[in-house]
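**Q** Sending over structure-v5.txt (compact mmCIF, C-alpha atoms).
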# COMPACT_ATOMS: atom_id res chain seq x y z
CA MET X 1 24.30 10.30 18.69
CA LEU X 2 23.58 6.82 20.00
CA THR X 3 23.36 3.61 17.96
CA THR X 4 21.81 0.26 18.84
CA PRO X 5 24.11 -2.60 17.76
CA ALA X 6 22.11 -5.20 19.72
CA MET X 7 19.07 -6.47 17.82
CA ALA X 8 16.46 -9.07 18.63
CA LEU X 9 15.40 -9.79 15.07
CA ARG X 10 16.68 -11.29 11.85
CA PHE X 11 15.41 -9.96 8.52
CA GLU X 12 16.07 -11.91 5.34
CA VAL X 13 14.87 -10.84 1.89
CA LEU X 14 13.86 -14.05 0.14
CA ALA X 15 12.80 -12.64 -3.25
CA ARG X 16 12.23 -9.35 -5.03
CA HIS X 17 10.18 -7.96 -7.88
CA ASN X 18 11.71 -4.59 -8.69
CA ARG X 19 11.11 -2.68 -5.42
CA ALA X 20 8.72 -5.20 -3.85
CA ARG X 21 10.20 -7.85 -1.59
CA ALA X 22 9.11 -11.04 0.17
CA SER X 23 10.99 -11.50 3.42
CA ARG X 24 11.34 -13.59 6.55
CA LEU X 25 11.19 -11.58 9.78
CA THR X 26 12.37 -13.64 12.76
CA LEU X 27 11.27 -12.13 16.07
CA PRO X 28 11.65 -13.43 19.65
CA HIS X 29 8.15 -14.94 19.64
CA PHE X 30 7.48 -15.73 15.98
CA GLU X 31 8.91 -16.13 12.49
CA ALA X 32 6.81 -13.90 10.24
CA GLN X 33 6.52 -13.57 6.47
CA THR X 34 6.31 -10.16 4.83
CA PRO X 35 4.56 -8.24 3.42
CA LEU X 36 2.23 -8.54 6.41
CA PHE X 37 -0.75 -6.77 7.93
CA MET X 38 -1.03 -6.43 11.71
CA PRO X 39 -4.52 -6.22 13.27
CA VAL X 40 -4.83 -3.66 16.05
CA GLY X 41 -5.66 -5.00 19.51
CA THR X 42 -5.98 -1.79 21.50
CA GLN X 43 -5.96 -3.36 24.97
CA GLY X 44 -4.62 -6.81 24.28
CA THR X 45 -7.56 -8.02 22.22
CA ILE X 46 -8.89 -7.72 18.68
CA LYS X 47 -12.50 -6.65 19.20
CA GLY X 48 -14.88 -9.57 18.76
CA LEU X 49 -12.23 -12.24 18.16
CA THR X 50 -10.48 -14.74 20.43
CA ASN X 51 -6.77 -15.47 20.34
CA ASP X 52 -7.49 -19.00 19.11
CA GLN X 53 -9.38 -17.52 16.17
CA LEU X 54 -6.52 -15.16 15.41
CA GLU X 55 -4.09 -18.08 15.38
CA ASP X 56 -6.47 -20.04 13.12
CA LEU X 57 -6.45 -17.07 10.75
CA ASP X 58 -2.62 -17.08 10.88
CA CYS X 59 -2.20 -13.59 12.35
CA GLN X 60 1.52 -13.16 12.77
CA ILE X 61 1.83 -9.92 14.76
CA ILE X 62 -0.79 -8.07 16.81
CA LEU X 63 -0.44 -4.38 17.60
CA GLY X 64 -1.14 -3.09 21.12
CA ASN X 65 -1.58 0.54 22.18
CA THR X 66 0.88 1.57 24.89
CA TYR X 67 -1.28 4.47 26.04
CA HIS X 68 -4.39 2.32 26.59
CA LEU X 69 -2.44 -0.56 28.16
CA ALA X 70 -0.68 1.83 30.54
CA LEU X 71 -4.06 3.14 31.70
CA ARG X 72 -5.62 -0.31 32.03
CA PRO X 73 -4.47 -2.81 33.24
CA GLY X 74 -1.24 -0.86 33.84
CA ALA X 75 2.40 -1.48 32.90
CA ASP X 76 3.45 -2.67 36.36
CA LEU X 77 0.73 -5.32 36.44
CA LEU X 78 1.72 -6.54 32.98
CA ASP X 79 5.36 -6.65 34.05
CA SER X 80 4.48 -8.69 37.15
CA MET X 81 2.61 -11.18 34.94
CA GLY X 82 5.63 -11.63 32.66
CA GLY X 83 4.50 -9.17 30.01
CA LEU X 84 1.57 -8.80 27.64
CA HIS X 85 2.26 -12.13 25.87
CA LYS X 86 1.52 -14.09 29.04
CA PHE X 87 -1.22 -11.75 30.23
CA MET X 88 -3.28 -12.21 27.05
CA ASN X 89 -2.01 -15.74 26.33
CA TRP X 90 -0.69 -14.84 22.87
CA PRO X 91 2.25 -16.99 21.71
CA ARG X 92 3.08 -15.06 18.55
CA ALA X 93 4.63 -11.62 18.01
CA LEU X 94 3.44 -8.28 19.41
CA LEU X 95 4.19 -4.68 18.48
CA THR X 96 3.41 -1.69 20.70
CA ASP X 97 3.19 1.93 19.62
CA SER X 98 4.75 4.70 21.70
CA GLY X 99 1.51 6.20 23.03
CA GLY X 100 2.15 9.62 21.54
CA PHE X 101 -0.36 9.37 18.71
CA GLN X 102 -3.27 8.63 21.06
CA MET X 103 -2.45 11.63 23.20
CA VAL X 104 -2.44 13.94 20.23
CA SER X 105 -5.46 12.47 18.47
CA LEU X 106 -7.78 11.35 21.28
CA LEU X 107 -7.20 13.86 24.06
CA HIS X 108 -7.07 17.59 24.47
CA LEU X 109 -3.42 18.35 23.84
CA ALA X 110 -1.94 20.72 26.37
CA ASP X 111 1.56 21.10 25.03
CA ILE X 112 4.55 19.45 23.35
CA THR X 113 7.91 20.58 24.68
CA GLU X 114 11.43 19.26 24.46
CA GLU X 115 10.75 17.30 27.64
CA GLY X 116 7.79 15.36 26.25
CA VAL X 117 4.04 15.40 25.59
CA THR X 118 1.84 17.08 28.22
CA PHE X 119 -1.80 16.00 28.05
CA GLN X 120 -4.93 15.90 30.15
CA SER X 121 -5.51 12.78 32.22
CA PRO X 122 -8.70 11.01 31.10
CA VAL X 123 -9.22 10.03 34.74
CA ASP X 124 -9.20 13.36 36.57
CA GLY X 125 -8.31 15.95 33.90
CA LYS X 126 -4.97 16.82 35.50
CA PRO X 127 -1.94 17.50 33.29
CA MET X 128 0.28 14.45 32.69
CA LEU X 129 3.64 14.21 30.98
CA LEU X 130 4.85 11.40 28.71
CA THR X 131 8.57 11.57 27.99
CA PRO X 132 10.57 9.44 25.53
CA GLU X 133 12.11 7.68 28.53
CA GLU X 134 8.77 6.86 30.12
CA SER X 135 7.31 5.60 26.84
CA ILE X 136 10.22 3.16 26.45
CA GLN X 137 10.10 2.11 30.10
CA ILE X 138 6.38 1.29 29.77
CA GLN X 139 7.00 -0.65 26.56
CA ASN X 140 9.88 -2.55 28.19
CA LYS X 141 7.42 -3.68 30.85
CA ILE X 142 4.76 -4.63 28.28
CA GLY X 143 7.40 -6.75 26.54
CA ALA X 144 6.39 -6.62 22.86
CA ASP X 145 8.76 -7.96 20.19
CA ILE X 146 8.78 -4.56 18.46
CA ILE X 147 8.50 -1.24 20.30
CA MET X 148 8.17 2.22 18.78
CA ALA X 149 10.09 5.38 19.61
CA LEU X 150 8.12 8.36 20.91
CA ASP X 151 7.95 10.88 18.09
CA ASP X 152 6.57 14.40 17.77
CA VAL X 153 3.35 13.78 15.86
CA VAL X 154 1.73 16.44 13.69
CA LYS X 155 -1.18 16.03 11.31
CA THR X 156 -0.10 15.33 7.74
CA THR X 157 -1.99 18.37 6.51
CA THR X 158 -0.01 20.68 8.85
CA THR X 159 2.33 23.08 7.04
CA GLY X 160 4.91 25.64 8.05
CA PRO X 161 7.67 25.65 10.69
CA ARG X 162 5.81 23.28 13.04
CA VAL X 163 6.52 20.35 10.68
CA GLU X 164 10.26 21.01 10.68
CA GLU X 165 10.30 21.50 14.44
CA ALA X 166 8.55 18.14 14.93
CA MET X 167 10.95 16.36 12.59
CA HIS X 168 14.07 17.63 14.38
CA ARG X 169 12.55 16.86 17.78
CA THR X 170 11.76 13.32 16.62
CA LEU X 171 15.47 12.89 15.84
CA ARG X 172 16.52 14.26 19.23
CA TRP X 173 14.01 12.03 21.01
CA ILE X 174 15.26 8.87 19.28
CA ASP X 175 18.57 9.20 21.15
CA ARG X 176 16.70 9.45 24.44
CA CYS X 177 14.65 6.38 23.50
CA ILE X 178 17.80 4.40 22.65
CA ALA X 179 19.42 5.40 25.95
CA ALA X 180 16.31 4.42 27.93
CA HIS X 181 15.84 1.05 26.18
CA SER X 182 16.79 -1.58 28.77
CA ARG X 183 15.99 -4.75 26.76
CA PRO X 184 17.66 -4.39 23.33
CA ASN X 185 18.44 -8.11 23.19
CA GLU X 186 14.75 -9.00 23.67
CA GLN X 187 12.85 -6.10 22.07
CA ASN X 188 13.42 -4.23 18.82
CA LEU X 189 13.20 -0.43 18.88
CA PHE X 190 11.97 1.05 15.58
CA GLY X 191 12.44 4.71 14.71
CA ILE X 192 9.74 6.69 12.88
CA VAL X 193 10.47 8.83 9.82
CA GLN X 194 8.61 12.14 10.09
CA GLY X 195 8.70 15.32 8.02
CA GLY X 196 5.17 15.79 6.72
CA LEU X 197 4.85 15.99 2.96
CA ASP X 198 8.14 17.85 2.53
CA PRO X 199 10.72 15.66 0.72
CA ARG X 200 13.62 17.66 2.17
CA LEU X 201 12.45 17.16 5.76
CA ARG X 202 11.70 13.49 5.19
CA ASP X 203 15.21 13.03 3.81
CA ILE X 204 16.84 14.69 6.83
CA CYS X 205 14.84 12.53 9.25
CA LEU X 206 15.42 9.35 7.27
CA LYS X 207 19.19 9.81 7.09
CA GLY X 208 19.34 10.71 10.77
CA LEU X 209 17.49 7.57 11.80
CA VAL X 210 19.47 5.31 9.48
CA ALA X 211 22.66 6.64 11.07
CA ARG X 212 21.43 5.24 14.41
CA ASN X 213 21.46 1.69 12.96
CA LEU X 214 18.08 0.70 14.39
CA PRO X 215 16.57 -2.80 13.99
CA GLY X 216 13.78 -1.42 11.80
CA TYR X 217 12.14 1.76 10.57
CA ALA X 218 8.59 3.09 10.31
CA ILE X 219 7.14 5.69 7.99
CA GLY X 220 4.84 7.82 10.14
CA GLY X 221 2.58 10.81 9.74
CA LEU X 222 0.47 9.45 6.88
CA SER X 223 -3.21 8.47 6.52
CA GLY X 224 -4.15 11.79 8.09
CA GLY X 225 -6.17 13.29 5.28
CA GLU X 226 -3.40 13.98 2.79
CA ALA X 227 -3.98 13.55 -0.94
CA LYS X 228 -3.24 10.04 -2.20
CA ASP X 229 -0.76 11.41 -4.71
CA ALA X 230 1.23 12.94 -1.84
CA PHE X 231 0.84 9.75 0.24
CA TRP X 232 2.43 7.36 -2.24
CA ARG X 233 5.26 9.77 -3.04
CA VAL X 234 6.30 9.92 0.64
CA VAL X 235 6.22 6.11 0.84
CA ALA X 236 8.26 5.79 -2.36
CA GLN X 237 10.86 8.29 -1.13
CA CYS X 238 11.24 6.63 2.26
CA THR X 239 11.39 3.03 1.05
CA ALA X 240 14.04 4.03 -1.50
CA GLY X 241 16.20 5.58 1.23
CA LEU X 242 15.79 3.03 4.02
CA PRO X 243 18.24 0.11 4.36
CA GLU X 244 17.68 -2.98 2.23
CA ASP X 245 18.36 -5.29 5.18
CA LYS X 246 15.86 -3.80 7.65
CA PRO X 247 12.05 -4.05 7.83
CA ARG X 248 10.01 -1.06 6.67
CA TYR X 249 6.71 -0.37 8.40
CA VAL X 250 4.09 2.07 7.05
CA MET X 251 2.00 3.07 10.07
CA GLY X 252 -1.78 3.33 10.03
CA ILE X 253 -2.35 1.73 6.61
CA GLY X 254 -5.31 -0.64 6.28
CA PHE X 255 -7.04 -0.20 2.93
CA PRO X 256 -6.18 -3.22 0.75
CA LEU X 257 -5.39 -1.01 -2.27
CA ASP X 258 -2.95 1.07 -0.22
CA ILE X 259 -1.21 -2.08 1.04
CA VAL X 260 -0.78 -3.45 -2.48
CA VAL X 261 0.64 -0.13 -3.70
CA CYS X 262 2.98 0.27 -0.71
CA SER X 263 4.20 -3.31 -1.11
CA ALA X 264 4.98 -2.64 -4.76
CA LEU X 265 7.02 0.36 -3.57
CA GLY X 266 9.07 -1.76 -1.16
CA ALA X 267 7.26 -1.60 2.20
CA ASP X 268 6.89 -4.66 4.43
CA MET X 269 4.53 -4.06 7.36
CA TYR X 270 1.18 -2.33 7.96
CA ASP X 271 -1.36 -1.83 10.73
CA CYS X 272 -4.81 -0.29 11.02
CA VAL X 273 -8.14 -0.65 12.83
CA TYR X 274 -9.94 -0.43 9.49
CA PRO X 275 -10.77 -4.13 8.84
CA THR X 276 -12.44 -4.63 12.23
CA ARG X 277 -13.88 -1.13 12.53
CA THR X 278 -15.55 -1.32 9.12
CA ALA X 279 -16.90 -4.75 10.10
CA ARG X 280 -18.69 -3.17 13.08
CA PHE X 281 -20.44 -0.89 10.60
CA GLY X 282 -21.60 -3.92 8.60
CA SER X 283 -19.08 -3.79 5.74
CA ALA X 284 -17.19 -6.84 4.48
CA LEU X 285 -13.93 -6.78 2.51
CA VAL X 286 -14.15 -8.67 -0.78
CA PRO X 287 -11.94 -8.80 -3.90
CA GLU X 288 -14.23 -6.27 -5.61
CA GLY X 289 -13.93 -3.77 -2.76
CA VAL X 290 -16.42 -3.38 0.10
CA LEU X 291 -19.73 -5.23 0.52
CA LYS X 292 -22.24 -3.17 2.54
CA LEU X 293 -24.31 -5.77 4.34
CA LYS X 294 -26.86 -3.33 5.74
CA GLN X 295 -28.18 -2.54 2.27
CA ALA X 296 -31.68 -3.87 1.60
CA ALA X 297 -30.53 -5.92 -1.40
CA MET X 298 -28.51 -8.15 0.94
CA ALA X 299 -31.69 -9.41 2.64
CA THR X 300 -32.38 -11.89 -0.18
CA ASP X 301 -28.80 -12.60 -1.29
CA PHE X 302 -27.99 -16.21 -0.42
CA ARG X 303 -24.41 -16.21 -1.64
CA PRO X 304 -21.40 -16.24 0.70
CA LEU X 305 -19.58 -12.96 1.32
CA ASP X 306 -16.81 -14.09 -1.02
CA SER X 307 -16.97 -17.33 -2.98
CA SER X 308 -13.16 -17.41 -3.23
CA CYS X 309 -12.66 -17.12 0.56
CA SER X 310 -12.13 -20.29 2.61
CA CYS X 311 -12.82 -18.72 6.02
CA MET X 312 -15.38 -20.19 8.40
CA VAL X 313 -17.85 -17.33 7.80
CA CYS X 314 -17.84 -17.71 4.01
CA LYS X 315 -18.19 -21.48 4.30
CA ARG X 316 -21.16 -21.39 6.69
CA TYR X 317 -23.19 -18.22 6.30
CA THR X 318 -24.98 -16.28 3.57
CA ARG X 319 -25.09 -12.56 2.95
CA ALA X 320 -28.79 -12.62 3.84
CA TYR X 321 -28.09 -14.15 7.26
CA LEU X 322 -25.28 -11.70 7.97
CA HIS X 323 -27.53 -8.83 6.83
CA THR X 324 -30.02 -9.87 9.49
CA LEU X 325 -27.31 -10.06 12.13
CA VAL X 326 -25.44 -6.82 11.41
CA THR X 327 -28.65 -4.81 11.66
CA LYS X 328 -29.74 -6.42 14.94
CA GLU X 329 -27.15 -8.59 16.71
CA ALA X 330 -23.59 -8.15 18.05
CA MET X 331 -22.71 -11.53 16.56
CA GLY X 332 -22.91 -9.92 13.14
CA SER X 333 -19.94 -7.64 13.72
CA GLN X 334 -17.97 -10.55 15.20
CA LEU X 335 -18.53 -12.74 12.15
CA VAL X 336 -17.75 -9.95 9.69
CA SER X 337 -14.64 -9.03 11.73
CA TYR X 338 -13.52 -12.66 11.47
CA HIS X 339 -13.96 -12.58 7.69
CA ASN X 340 -12.27 -9.19 7.28
CA VAL X 341 -9.21 -10.29 9.25
CA ALA X 342 -9.17 -13.51 7.18
CA TYR X 343 -9.23 -11.36 4.04
CA MET X 344 -6.28 -9.28 5.23
CA MET X 345 -4.25 -12.35 6.19
CA GLN X 346 -4.93 -13.92 2.78
CA LEU X 347 -3.90 -10.67 1.10
CA SER X 348 -0.64 -10.78 3.07
CA ARG X 349 0.00 -14.38 1.99
CA ASP X 350 -0.85 -13.58 -1.63
CA LEU X 351 1.58 -10.67 -1.67
CA HIS X 352 4.36 -12.76 -0.13
CA ASN X 353 3.81 -15.82 -2.31
CA SER X 354 3.39 -13.92 -5.58
CA ILE X 355 6.74 -12.15 -5.05
CA LEU X 356 8.36 -15.42 -3.99
CA GLU X 357 7.02 -17.23 -7.08
CA GLY X 358 7.87 -14.48 -9.57
CA ARG X 359 4.28 -13.52 -10.40
CA PHE X 360 3.85 -10.30 -8.41
CA ALA X 361 3.06 -8.18 -11.48
CA GLU X 362 0.27 -10.60 -12.45
CA PHE X 363 -1.11 -10.50 -8.91
CA VAL X 364 -1.24 -6.69 -8.93
CA GLN X 365 -2.91 -6.69 -12.34
CA SER X 366 -5.55 -9.21 -11.20
CA PHE X 367 -6.16 -7.30 -7.96
CA LEU X 368 -6.74 -4.03 -9.82
CA GLN X 369 -8.97 -5.63 -12.45
CA LYS X 370 -11.25 -6.95 -9.71
CA GLN X 371 -11.30 -3.65 -7.82
CA PHE X 372 -11.78 -1.54 -10.95
CA PRO X 373 -13.62 -3.68 -13.53
CA GLU X 374 -14.50 -0.60 -15.58
CA GLY X 375 -10.85 0.33 -15.89
CA ASP X 376 -11.13 3.47 -13.76
CA VAL X 377 -7.93 2.87 -11.80
CA PRO X 378 -7.11 6.07 -9.85
CA GLU X 379 -4.41 8.23 -11.36
CA TRP X 380 -2.31 8.07 -8.18
CA VAL X 381 -2.20 4.27 -8.43
CA CYS X 382 -1.09 4.49 -12.06
CA SER X 383 1.69 6.93 -11.09
CA ALA X 384 2.85 4.74 -8.19
CA MET X 385 2.91 1.60 -10.35
CA GLU X 386 5.01 3.43 -12.94
CA VAL X 387 7.63 4.13 -10.26
CA ALA X 388 7.32 0.53 -9.06
CA GLU X 389 7.91 -0.57 -12.68
CA ILE X 390 4.73 -2.65 -12.89
CA ASP X 391 2.75 -2.46 -16.12
CA ILE X 392 -0.95 -2.03 -15.36
CA SER X 393 -1.98 -0.68 -18.76
CA MET X 394 -4.30 -3.65 -19.29
CA CYS X 395 -6.22 -2.62 -16.13
CA CYS X 396 -6.93 0.92 -17.30
CA ALA X 397 -9.67 1.94 -19.70
CA PRO X 398 -8.94 4.64 -22.31
CA GLN X 399 -9.51 8.08 -20.81
CA SER X 400 -12.28 8.86 -23.30
CA ARG X 401 -14.25 5.83 -22.12
CA ILE X 402 -13.80 6.73 -18.45
CA ALA X 403 -14.95 10.29 -19.20
CA LYS X 404 -18.13 8.93 -20.81
CA MET X 405 -18.82 6.67 -17.85
CA GLN X 406 -18.46 9.61 -15.46
CA VAL X 407 -21.00 11.61 -17.48
Turn the structure described in the file into structure tokens.

**A**
Amino acid sequence: MLTTPAMALRFEVLARHNRARASRLTLPHFEAQTPLFMPVGTQGTIKGLTNDQLEDLDCQIILGNTYHLALRPGADLLDSMGGLHKFMNWPRALLTDSGGFQMVSLLHLADITEEGVTFQSPVDGKPMLLTPEESIQIQNKIGADIIMALDDVVKTTTTGPRVEEAMHRTLRWIDRCIAAHSRPNEQNLFGIVQGGLDPRLRDICLKGLVARNLPGYAIGGLSGGEAKDAFWRVVAQCTAGLPEDKPRYVMGIGFPLDIVVCSALGADMYDCVYPTRTARFGSALVPEGVLKLKQAAMATDFRPLDSSCSCMVCKRYTRAYLHTLVTKEAMGSQLVSYHNVAYMMQLSRDLHNSILEGRFAEFVQSFLQKQFPEGDVPEWVCSAMEVAEIDISMCCAPQSRIAKMQV
């Protein structure tokens, strides 16, 4: 078993509210505040937004996809340019995934063996092999502040011996990733806790990764169609078992409600395409939930998307104007993407500041009251908040009243 004593980050917990924590994460390229959301820039760009806009919105870390970047423009080219930071002219922090998830989810999967992931080339259809060593070598060339270990990915809804096989292989592969990592003083290798929805398997993987003394840890294999009650329980188990002095990253989480719940349970970092993808479908994120701008009622609504939002879009444009754009013009998705990223960055700041200022419980209560004004807070949220020791009883209507509303 290999360990990684060299680390290129500093993680300081500044304040806590029960399990929730506000922290300072110092990376080679930026000093970030957690909890934080990371927009996904598949090939070195957030669709529809410039880097200047992302800085204006105070994005702290952008996520890049190793698989896509390796295909185009290529790891060697990025390396020759001094890495992805210089190539895309981004001065703040970057995180790259391992590339394994894309191969499993986007391409016809040929095989997963102990050697690595064999998949079909999108260029000529020929079999290609991604090993843990190659994934790390590519990420070393890309040069992100945080890089992810190659793990054996299975869908969350998978059951049976395949889940256990993938978990044990993930642990074996982490040692190969550590051995292949050539820049531990400049890049931080995070391990990924796998194990499906089985608490026993999650515990084995978690303890195995913690024993490697990695700079940070991710909780993987979620947001794949599992029940929300199973989702939060996995997050709660993993955050309780991971080290207090290391960042905890829940992969693929982008719904605001999920981020609030996971933060209450002690998670620090999140990423997802959801805010920008839903913007391209004409949906804006607002405190009450989602505003569907393509609906006919928006055509004569001259209010801003969100009166409490200070972003450029909310200051300058009405719902009616954006309704016209999202149904006809590309500019519509760009403006809504700008607002949605602004919303997620404000949510990150609100989470951090409310913990820091000792009012996190009140923030959660206010958030839920806006999202569920009728008091119909989902049962899984109520269960998670009970474990997080946050009283949300004032947000929940009596069950008899909810039953009447549903009739």

**Q** Let me make sure I understand: among X:Asp198, X:Glu379, X:Asp271, X:Glu288, which one has the smallest atom-to-atom distance to X:Asp229 if we use only C-alpha atoms?

**A**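 Nearest candidate to X:Asp229 out of X:Asp198, X:Glu379, X:Asp271, X:Glu288: X:Glu379.
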
**Q** So, counting all atoms listed in the file, which residue among X:Ser310, X:Pro28, X:Ala320, X:Gln365 is closest to X:Pro184?

**A**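 Checking each candidate against X:Pro184, we get X:Pro28 as the closest.
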
**Q** Would you please work out which residue, of X:Gln194, X:Thr113, X:Thr159, X:Gln346, is nearest to X:Leu171 when using all atoms listed in the file?

**A**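 Nearest to X:Leu171: X:Gln194.
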
**Q** When you draw a straight line from atom CA of X:Leu257 to atom CA of X:Val381, how long is it in Å?

**A** 8.7 Å

**Q** Which residues, written as a VMD selection string, have at least one atom at most 9 Å from X:Gly100, with all atoms listed in the file counted and residues fewer than 6 positions away on the same chain left out?

**A** chain X and resid 66 to 67 117 130 135 150 to 153

**Q** List the neighbours of X:Gly254 out to 7 Å using all atoms listed in the file; skip same-chain residues closer than 5 positions along the sequence, and give me the result as an MDAnalysis selection string.

**A** chainID X and resid 259 270:272 274:275

**Q** Show me, as a PyMOL selection string, the residues that have an atom within 10 Å of X:Leu305 when counting all atoms listed in the file, minus same-chain residues fewer than 2 positions from it.

**A** chain X and resi 284-286+291+293+301-303+307-309+313-315+317-320+322+336+339

**Q** Just checking: using all atoms listed in the file, which residue out of X:Ala166, X:Val387, X:Ile355, X:Ala297 ends up closest to X:Ala22?

**A** X:Ile355

**Q** Suppose you want the space between atom CA of X:Arg202 and atom CA of X:Pro378; what is it in Å?

**A** 25.2 Å

**Q** For the point (5.3, 2.1, -3.5) in the file's frame, write as number ranges by chain all residues with an atom no more than 8 Å away, counting all atoms listed in the file.

**A** X: 19, 232-233, 235-236, 239, 261-267, 384-385, 387-388

**Q** What does the distance from atom CA of X:Ala296 to atom CA of X:Phe281 come to in Å, to one decimal?

**A**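 Value for the atom CA of X:Ala296-atom CA of X:Phe281 distance: 14.7 Å.
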
**Q** List every protein, DNA or RNA residue that has at least one atom no more than 8 Å from (3.9, 3.7, 19.2) in the file's coordinates, counting all atoms listed in the file, and write the result as a list of chain:residue names.

**A**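 Here is the list of nearby residues: X:Asn65, X:Thr66, X:Thr96, X:Asp97, X:Ser98, X:Gly99, X:Gly100, X:Phe101, X:Ile147, X:Met148, X:Ala149, X:Leu150.
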
**Q** Counting all atoms listed in the file, which residue out of X:Asp79, X:Leu84, X:Pro39, X:Met1 sits closest to X:Ile62?

**A**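 When distances to X:Ile62 are compared using all atoms listed in the file, the smallest one comes from X:Pro39.
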
**Q** So that I can see what lies close to X:Pro161, please list as a list in words the residues with an atom at most 12 Å from it, counting only C-alpha atoms and leaving out residues fewer than 3 positions away in the same chain.

**A**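 Using only C-alpha atoms, the neighbours found are Val154, Thr158, Glu164, Glu165, Ala166, Met167, His168, Gly195, Gly196, Asp198 and Leu201 of chain X.
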
**Q** Just C-alpha atoms for this one: save the residues we selected as an mmCIF file, in the coordinates of the input.

**A**
data_model
loop_
_atom_site.group_PDB
_atom_site.id
_atom_site.type_symbol
_atom_site.label_atom_id
_atom_site.label_comp_id
_atom_site.auth_asym_id
_atom_site.auth_seq_id
_atom_site.Cartn_x
_atom_site.Cartn_y
_atom_site.Cartn_z
ATOM 1 C CA VAL X 154 1.730 16.440 13.690
ATOM 2 C CA THR X 158 -0.010 20.680 8.850
ATOM 3 C CA GLU X 164 10.260 21.010 10.680
ATOM 4 C CA GLU X 165 10.300 21.500 14.440
ATOM 5 C CA ALA X 166 8.550 18.140 14.930
ATOM 6 C CA MET X 167 10.950 16.360 12.590
ATOM 7 C CA HIS X 168 14.070 17.630 14.380
ATOM 8 C CA GLY X 195 8.700 15.320 8.020
ATOM 9 C CA GLY X 196 5.170 15.790 6.720
ATOM 10 C CA ASP X 198 8.140 17.850 2.530
ATOM 11 C CA LEU X 201 12.450 17.160 5.760
#
